[in-house]
There are 2 protein chains.
Amino acid sequence: MKVAKFGGTSLANAEQIKKVCNIIRADQNRRLVVVSAPGKRYKEDDKVTDLLIRYAEVFLQKGEARAEKEAVFNRYREIVRELGLPAEVGQKIEAELEAVLANHAGLSPDRFVDAVKAAGEDNSAKVVAHYLRSLGEDAHYVNPREAGMLVTDEAGNAHVLPAAYERLKKLRDRQGILVFPGFFGYTEAGELVTFSRGGSDITGSILAAAVKAEVYENFTDVDSVYVVNPNLVENPVEIKEITYREMRELSYSGFSVFHEEALLPAYQAEIPVCIKNTNNPSAPGTMIVAERPASVNRVSGVACDTGFCSIYVSKYLMHKEIGFGRKLLQILEEEGISYEHTPSGIDNISVILRERDLTPAKEARIVERIQSELQVDDIAVQHDLALVMIVGEGMRQSVGTTAKATVALAAAQINLDMINQGSSEVSMMFGVKAEDADRAVIALYHAFFGKEEEREKAHSLSSLTV
Amino acid sequence: MKVAKFGGTSLANAEQIKKVCNIIRADQNRRLVVVSAPGKRYKEDDKVTDLLIRYAEVFLQKGEARAEKEAVFNRYREIVRELGLPAEVGQKIEAELEAVLANHAGLSPDRFVDAVKAAGEDNSAKVVAHYLRSLGEDAHYVNPREAGMLVTDEAGNAHVLPAAYERLKKLRDRQGILVFPGFFGYTEAGELVTFSRGGSDITGSILAAAVKAEVYENFTDVDSVYVVNPNLVENPVEIKEITYREMRELSYSGFSVFHEEALLPAYQAEIPVCIKNTNNPSAPGTMIVAERPASVNRVSGVACDTGFCSIYVSKYLMHKEIGFGRKLLQILEEEGISYEHTPSGIDNISVILRERDLTPAKEARIVERIQSELQVDDIAVQHDLALVMIVGEGMRQSVGTTAKATVALAAAQINLDMINQGSSEVSMMFGVKAEDADRAVIALYHAFFGKEEEREKAHSLSSLTV
């Protein structure tokens, strides 16, 4: 049994939905299908999820939202009409959404928004099941509540409950093609709650783990995952095979092809994940697996994420003070801030955090607390940092990966504000100024994946005045 | 006014003490002199401090320690005789030491050992003052209690109290050459307590800060501080000028020329420190200052220390868990362990600690606690790590320092288990296996300080298969 998940662009209009159904029908093992809400049809288009959020928000504010409702309904009307489905399919979708609104008085604003948002995926699933049946398939919409997608009660940020797996496992025994809406589940009290944005990937991963799928196919709009952001490099090298760990590190650093939290269930159940293209299903795609021969590619990707900042603290003989680091981190924790890394010298330590977590008020308070509670000699906050990463299982066995990377960065005249490499060595991280980030990524790409002459150039220190 | 401190080898015998006195007399500003206990006269010799410790320990155990006492007395008898001082100088030394022993019943064992140990420095000061007077100088032994060297009540590990500075400042107003014993002070209750081992450097630094000395001269047995351990490299480059921060980082990593804690008072009072050679006082030595022109030498030294280990912990989505790092460090703190560094990846973190802090029992308990309290996926302890550092104020301004270093290490076929460089950039740290440490230091020395052709070789990546 395969679990196949289709993303928003694969459901954006009737033409895309037809491709999806062709893919499902082409392999009789694709029996558990997870769908997103319709995405963008063209660059400036709106995703249905965004239309639904606007709809819910305006409704909450003004008690009605006609124009916003019409915008949603129009998308589904168009899809139903172009798929040649009976008009009552569309009418039923509209009636159900009206029912959510009618029921709004009983829901908190958070829950109401979750219920409206979830309609995007829910209706996609119904439409796809209808269309498959119209093609003569034995296809069924699956209600996540009835099937047992149990989640925590965190509006807009639910997490699966362990009990869900036992219940969802029973989907194996059902007949036909099962079409499951992504993105949401139900609390034990029966309330609808959504995952974080992009959470249909999570639904697919949970289902794949629950039914012990032979593979979790994740259909999107690219032929594969690339070793670098394709907006920065023309025709970048494709990744054929990558480990969960590598994918996880790349996801962290801006590889948005797969939801960050979605790998966990598949990883724990050791279900291989295949990233494929709805628009080119014959391309082999990228396999995400538990292990790969490291010798093939020592480095699997170059990634980058911006929006970081660092708090630099120095204090003479700091390292002799038991508990200094812990106290520093405790101040951040008390201010509700999650930190990313803490590179350190002998008498200094930098804490790297996400810029979005550090409001000016929090920054001022934290600086004040560190000064007064830790009696530091010096404190400085540096903004606009980027973290550039090279990721690869094989780096550990390879003397010289660091040299290759740092030479390439030096040749591109990029100053390193921070280097961080722990003993896992599945990744190596360089802190650079945000303005240097793209150049850094391109330089590293050429060093590790470029054509021979580019690599030669990147490896030469002769041009450097060090 | 200059403060001049002389180390153990400078006081090892009469010949050395004569050199010390010549140095003092050569500059009339050398008015405040700090002396260590007599050190080794030859490689297999004992330091007087070690003889005193053995004396105290055997006495505590057996109630007497004749042979051990004789060993101490013999050293002073020889010195007094060879300096041509009257026999009663030696007799007075012996009588005072006997008095300490006679008084032992009133002291805890820790305090008793401190009192006996301190006799080494105290008698050096008396001998030097006597000898200077025999040469016609107006020289005076200074009693640290009377002068106000106030310290905390931590046996064998005292720290200066802030009130000491105001009192010691008055030494400025005294006449003649003042000879001050290093290594110990007195609590506010009047009890003798010693600094940590090698603490005469600390005494000198405190005095230099208190009297606002124009310079703190620290006389030892080398012409200067070298950029690398001279046991590893023949005729290494000398350091002419270095900043407090650089010296501090080098001291941390095995540069034993100057006591780690000794820089603090001088640093805070901005007193320049000069490391000089008793056996070659005309050599300019190494100046330790607040700032130096970074452009002259971007890198000031290569250092290394062994005896580290790392605890590697990984947990899926660790970085989303607010407080994870803090909890990990808290476990170490509760086990009384100070950590050195915490390099991290996305879902993993390594804690680097001193091997000596991690007994097998503590290791087992910490591993068990981390597993059960933090629910980690994976934990591994790696022993026999070395930290190799390059230190230099100018590294920050220089694109490519990292490249130069990592290329040299790769060319020497050294695998990097860890890299750590925070935003201070006064140092860069590489974790390597202990067995690779010397080769790593030598490779880095050649890369930054070697002759042209060695540097060329170290900069070429062409020999690498990366």
# chains A, B, ... in the order shown; residues from 1 in each chain; ligands from 1
call {"tool": "interface_residues", "arguments": {"of": "chain B", "to": "chain A", "cutoff": "7 Å", "atoms": "only C-alpha atoms", "output": "ChimeraX atom specification"}}
result
/B:249,312,319,322-323,326,329-330,333,338,340-346,349-350,398-403,406-407,410,413-415,417-423,427,459-461,466
call {"tool": "residues_around", "arguments": {"residues": "region 186-202 of chain B", "least_positions_apart": "3", "cutoff": "7 Å", "atoms": "only C-alpha atoms", "output": "list of chain:residue names"}}
result
B:Val35, B:Ser36, B:Arg111, B:Asp114, B:Ala115, B:Ala118, B:Arg145, B:Met149, B:Leu150, B:Val151, B:Thr152, B:Asp153, B:Glu154, B:Ala155, B:Gly156, B:Asn157, B:Ala158, B:His159, B:Gly182, B:Phe183, B:Ser205, B:Ile206, B:Phe258, B:His259, B:Glu261, B:Ala262
call {"tool": "write_last_selection", "arguments": {"atoms": "N, CA, C and O atoms", "output": "compact mmCIF listing (two decimals), in the first residue's frame"}}
result
# COMPACT_ATOMS: atom_id res chain seq x y z
N VAL B 35 58.41 37.36 44.76
CA VAL B 35 59.20 36.15 44.51
C VAL B 35 58.41 34.87 44.74
O VAL B 35 57.55 34.80 45.61
N SER B 36 58.74 33.86 43.93
CA SER B 36 58.22 32.51 44.10
C SER B 36 59.12 31.75 45.06
O SER B 36 60.17 32.24 45.47
N ARG B 111 44.25 24.20 56.09
CA ARG B 111 44.94 25.42 56.51
C ARG B 111 46.39 25.14 56.86
O ARG B 111 47.27 25.95 56.57
N ASP B 114 48.32 24.80 53.68
CA ASP B 114 48.51 26.15 53.11
C ASP B 114 49.63 26.89 53.84
O ASP B 114 50.50 27.51 53.21
N ALA B 115 49.63 26.81 55.18
CA ALA B 115 50.62 27.54 55.96
C ALA B 115 52.03 27.02 55.66
O ALA B 115 52.98 27.80 55.55
N ALA B 118 53.13 27.98 52.00
CA ALA B 118 53.43 29.41 51.83
C ALA B 118 54.83 29.77 52.30
O ALA B 118 55.41 30.78 51.89
N ARG B 145 50.29 40.03 55.37
CA ARG B 145 49.21 40.35 56.31
C ARG B 145 49.24 41.82 56.66
O ARG B 145 48.23 42.52 56.57
N MET B 149 47.19 42.12 51.98
CA MET B 149 46.79 41.20 50.90
C MET B 149 45.61 40.36 51.40
O MET B 149 45.76 39.22 51.83
N LEU B 150 44.41 40.94 51.32
CA LEU B 150 43.20 40.29 51.83
C LEU B 150 42.62 39.35 50.77
O LEU B 150 42.43 39.75 49.62
N VAL B 151 42.33 38.12 51.18
CA VAL B 151 41.82 37.14 50.22
C VAL B 151 40.60 36.41 50.80
O VAL B 151 40.35 36.47 52.01
N THR B 152 39.91 35.68 49.92
CA THR B 152 38.77 34.88 50.35
C THR B 152 39.26 33.66 51.12
O THR B 152 40.40 33.23 50.97
N ASP B 153 38.36 33.07 51.91
CA ASP B 153 38.74 31.95 52.75
C ASP B 153 38.54 30.63 51.99
O ASP B 153 37.70 29.81 52.36
N GLU B 154 39.30 30.42 50.91
CA GLU B 154 39.22 29.17 50.15
C GLU B 154 40.61 28.55 50.15
O GLU B 154 41.48 28.97 49.39
N ALA B 155 40.79 27.52 50.98
CA ALA B 155 42.12 26.94 51.13
C ALA B 155 42.67 26.47 49.78
O ALA B 155 42.00 25.75 49.04
N GLY B 156 43.87 26.89 49.45
CA GLY B 156 44.52 26.45 48.21
C GLY B 156 43.92 27.05 46.96
O GLY B 156 44.34 26.72 45.85
N ASN B 157 42.94 27.92 47.09
CA ASN B 157 42.31 28.50 45.91
C ASN B 157 41.72 29.87 46.24
O ASN B 157 40.61 30.20 45.83
N ALA B 158 42.47 30.67 46.97
CA ALA B 158 41.96 31.97 47.42
C ALA B 158 41.82 32.93 46.23
O ALA B 158 42.45 32.76 45.19
N HIS B 159 40.97 33.92 46.42
CA HIS B 159 40.84 35.02 45.45
C HIS B 159 40.95 36.33 46.22
O HIS B 159 40.50 36.43 47.35
N GLY B 182 55.16 35.86 47.04
CA GLY B 182 53.98 35.56 46.21
C GLY B 182 53.15 34.45 46.82
O GLY B 182 53.47 33.92 47.89
N PHE B 183 52.03 34.15 46.16
CA PHE B 183 51.31 32.89 46.36
C PHE B 183 50.29 32.88 47.50
O PHE B 183 49.44 32.01 47.56
N SER B 205 50.37 40.48 39.88
CA SER B 205 49.37 41.21 39.11
C SER B 205 48.52 42.09 40.03
O SER B 205 48.20 43.23 39.69
N ILE B 206 48.15 41.54 41.19
CA ILE B 206 47.36 42.32 42.16
C ILE B 206 48.16 43.55 42.62
O ILE B 206 47.64 44.67 42.65
N PHE B 258 52.16 31.81 31.93
CA PHE B 258 51.60 32.80 32.83
C PHE B 258 50.33 32.21 33.42
O PHE B 258 49.52 31.62 32.71
N HIS B 259 50.14 32.34 34.72
CA HIS B 259 48.97 31.76 35.38
C HIS B 259 47.68 32.35 34.81
O HIS B 259 47.55 33.55 34.64
N GLU B 261 44.71 32.90 35.90
CA GLU B 261 43.96 33.93 36.63
C GLU B 261 44.76 35.20 36.85
O GLU B 261 44.22 36.21 37.30
N ALA B 262 46.04 35.14 36.53
CA ALA B 262 46.92 36.25 36.90
C ALA B 262 46.70 37.48 36.03
O ALA B 262 47.02 38.59 36.43
call {"tool": "select_by_dssp", "arguments": {"residues": "region 24-80 of chain A", "states": "strand (DSSP E or B)", "output": "number ranges by chain"}}
result
A: 30-35
call {"tool": "write_last_selection", "arguments": {"atoms": "all heavy atoms", "output": "PDB file, in the first residue's frame"}}
result
ATOM      1  N   ARG A  30      -1.557   2.743  -5.006  1.00  0.00           N
ATOM      2  CA  ARG A  30      -1.816   4.091  -4.467  1.00  0.00           C
ATOM      3  C   ARG A  30      -3.244   4.116  -3.908  1.00  0.00           C
ATOM      4  O   ARG A  30      -4.156   4.634  -4.543  1.00  0.00           O
ATOM      5  CB  ARG A  30      -1.635   5.151  -5.548  1.00  0.00           C
ATOM      6  CG  ARG A  30      -0.169   5.377  -5.888  1.00  0.00           C
ATOM      7  CD  ARG A  30       0.084   6.496  -6.880  1.00  0.00           C
ATOM      8  NE  ARG A  30       1.517   6.565  -7.163  1.00  0.00           N
ATOM      9  CZ  ARG A  30       2.056   6.549  -8.395  1.00  0.00           C
ATOM     10  NH1 ARG A  30       1.282   6.520  -9.481  1.00  0.00           N
ATOM     11  NH2 ARG A  30       3.359   6.586  -8.544  1.00  0.00           N
ATOM     12  N   ARG A  31      -3.382   3.561  -2.733  1.00  0.00           N
ATOM     13  CA  ARG A  31      -4.731   3.381  -2.220  1.00  0.00           C
ATOM     14  C   ARG A  31      -5.112   4.378  -1.132  1.00  0.00           C
ATOM     15  O   ARG A  31      -6.271   4.514  -0.805  1.00  0.00           O
ATOM     16  CB  ARG A  31      -4.872   1.947  -1.690  1.00  0.00           C
ATOM     17  CG  ARG A  31      -4.810   0.907  -2.806  1.00  0.00           C
ATOM     18  CD  ARG A  31      -5.896  -0.129  -2.650  1.00  0.00           C
ATOM     19  NE  ARG A  31      -5.733  -0.866  -1.375  1.00  0.00           N
ATOM     20  CZ  ARG A  31      -6.482  -0.671  -0.300  1.00  0.00           C
ATOM     21  NH1 ARG A  31      -7.442   0.217  -0.291  1.00  0.00           N
ATOM     22  NH2 ARG A  31      -6.262  -1.394   0.784  1.00  0.00           N
ATOM     23  N   LEU A  32      -4.151   5.061  -0.621  1.00  0.00           N
ATOM     24  CA  LEU A  32      -4.466   6.064   0.407  1.00  0.00           C
ATOM     25  C   LEU A  32      -3.927   7.402  -0.078  1.00  0.00           C
ATOM     26  O   LEU A  32      -2.719   7.588  -0.215  1.00  0.00           O
ATOM     27  CB  LEU A  32      -3.829   5.643   1.745  1.00  0.00           C
ATOM     28  CG  LEU A  32      -4.174   6.459   2.995  1.00  0.00           C
ATOM     29  CD1 LEU A  32      -5.642   6.808   3.093  1.00  0.00           C
ATOM     30  CD2 LEU A  32      -3.723   5.718   4.241  1.00  0.00           C
ATOM     31  N   VAL A  33      -4.868   8.315  -0.397  1.00  0.00           N
ATOM     32  CA  VAL A  33      -4.516   9.572  -1.048  1.00  0.00           C
ATOM     33  C   VAL A  33      -4.809  10.725  -0.090  1.00  0.00           C
ATOM     34  O   VAL A  33      -5.886  10.767   0.524  1.00  0.00           O
ATOM     35  CB  VAL A  33      -5.351   9.735  -2.345  1.00  0.00           C
ATOM     36  CG1 VAL A  33      -5.109  11.098  -2.976  1.00  0.00           C
ATOM     37  CG2 VAL A  33      -5.028   8.608  -3.315  1.00  0.00           C
ATOM     38  N   VAL A  34      -3.844  11.627   0.055  1.00  0.00           N
ATOM     39  CA  VAL A  34      -4.031  12.800   0.915  1.00  0.00           C
ATOM     40  C   VAL A  34      -3.983  14.050   0.040  1.00  0.00           C
ATOM     41  O   VAL A  34      -3.088  14.161  -0.805  1.00  0.00           O
ATOM     42  CB  VAL A  34      -2.932  12.884   1.991  1.00  0.00           C
ATOM     43  CG1 VAL A  34      -3.120  14.133   2.854  1.00  0.00           C
ATOM     44  CG2 VAL A  34      -2.927  11.639   2.849  1.00  0.00           C
ATOM     45  N   VAL A  35      -4.928  14.944   0.226  1.00  0.00           N
ATOM     46  CA  VAL A  35      -4.945  16.131  -0.639  1.00  0.00           C
ATOM     47  C   VAL A  35      -4.885  17.424   0.161  1.00  0.00           C
ATOM     48  O   VAL A  35      -5.411  17.524   1.264  1.00  0.00           O
ATOM     49  CB  VAL A  35      -6.206  16.158  -1.542  1.00  0.00           C
ATOM     50  CG1 VAL A  35      -6.130  15.059  -2.592  1.00  0.00           C
ATOM     51  CG2 VAL A  35      -7.467  16.048  -0.712  1.00  0.00           C
TER      52      VAL A  35
END
call {"tool": "residues_around", "arguments": {"residues": "Glu64 (chain B)", "least_positions_apart": "3", "cutoff": "12 Å", "atoms": "only C-alpha atoms", "output": "mmCIF file with N, CA and C atoms, in the first residue's frame"}}
result
data_model
loop_
_atom_site.group_PDB
_atom_site.id
_atom_site.type_symbol
_atom_site.label_atom_id
_atom_site.label_comp_id
_atom_site.auth_asym_id
_atom_site.auth_seq_id
_atom_site.Cartn_x
_atom_site.Cartn_y
_atom_site.Cartn_z
ATOM 1 N N ARG B 54 54.932 17.706 50.608
ATOM 2 C CA ARG B 54 55.193 16.348 51.089
ATOM 3 C C ARG B 54 55.451 16.378 52.604
ATOM 4 N N TYR B 55 56.222 17.346 53.016
ATOM 5 C CA TYR B 55 56.544 17.552 54.435
ATOM 6 C C TYR B 55 55.244 17.667 55.241
ATOM 7 N N ALA B 56 54.352 18.552 54.803
ATOM 8 C CA ALA B 56 53.097 18.779 55.532
ATOM 9 C C ALA B 56 52.252 17.504 55.551
ATOM 10 N N GLU B 57 52.202 16.812 54.429
ATOM 11 C CA GLU B 57 51.326 15.634 54.349
ATOM 12 C C GLU B 57 51.836 14.486 55.216
ATOM 13 N N VAL B 58 53.146 14.264 55.152
ATOM 14 C CA VAL B 58 53.708 13.192 55.981
ATOM 15 C C VAL B 58 53.546 13.550 57.455
ATOM 16 N N PHE B 59 53.764 14.802 57.785
ATOM 17 C CA PHE B 59 53.617 15.240 59.180
ATOM 18 C C PHE B 59 52.186 14.993 59.674
ATOM 19 N N LEU B 60 51.211 15.332 58.816
ATOM 20 C CA LEU B 60 49.809 15.137 59.201
ATOM 21 C C LEU B 60 49.511 13.668 59.445
ATOM 22 N N GLN B 61 50.152 12.831 58.597
ATOM 23 C CA GLN B 61 49.879 11.401 58.666
ATOM 24 C C GLN B 61 50.561 10.751 59.875
ATOM 25 N N ALA B 67 62.833 13.356 57.519
ATOM 26 C CA ALA B 67 63.537 13.359 56.233
ATOM 27 C C ALA B 67 62.994 14.458 55.335
ATOM 28 N N GLU B 68 61.685 14.625 55.350
ATOM 29 C CA GLU B 68 61.056 15.636 54.507
ATOM 30 C C GLU B 68 61.452 17.049 54.950
ATOM 31 N N LYS B 69 61.526 17.222 56.265
ATOM 32 C CA LYS B 69 61.921 18.527 56.787
ATOM 33 C C LYS B 69 63.374 18.843 56.393
ATOM 34 N N GLU B 70 64.214 17.832 56.519
ATOM 35 C CA GLU B 70 65.629 18.012 56.160
ATOM 36 C C GLU B 70 65.772 18.433 54.699
ATOM 37 N N GLU B 98 59.475 25.568 62.044
ATOM 38 C CA GLU B 98 59.187 24.730 63.223
ATOM 39 C C GLU B 98 57.973 25.295 63.979
ATOM 40 N N LEU B 101 54.773 24.209 62.484
ATOM 41 C CA LEU B 101 54.459 22.826 62.843
ATOM 42 C C LEU B 101 53.971 22.733 64.280
ATOM 43 N N ALA B 102 54.617 23.451 65.140
ATOM 44 C CA ALA B 102 54.252 23.404 66.553
ATOM 45 C C ALA B 102 52.820 23.867 66.745
ATOM 46 N N HIS B 104 50.375 23.361 64.702
ATOM 47 C CA HIS B 104 49.471 22.682 63.769
ATOM 48 C C HIS B 104 48.160 22.245 64.405
#
call {"tool": "atom_distance", "arguments": {"atom1": "CA of Glu393 (chain B)", "atom2": "CA of Tyr445 (chain B)"}}
result
16.7 Å
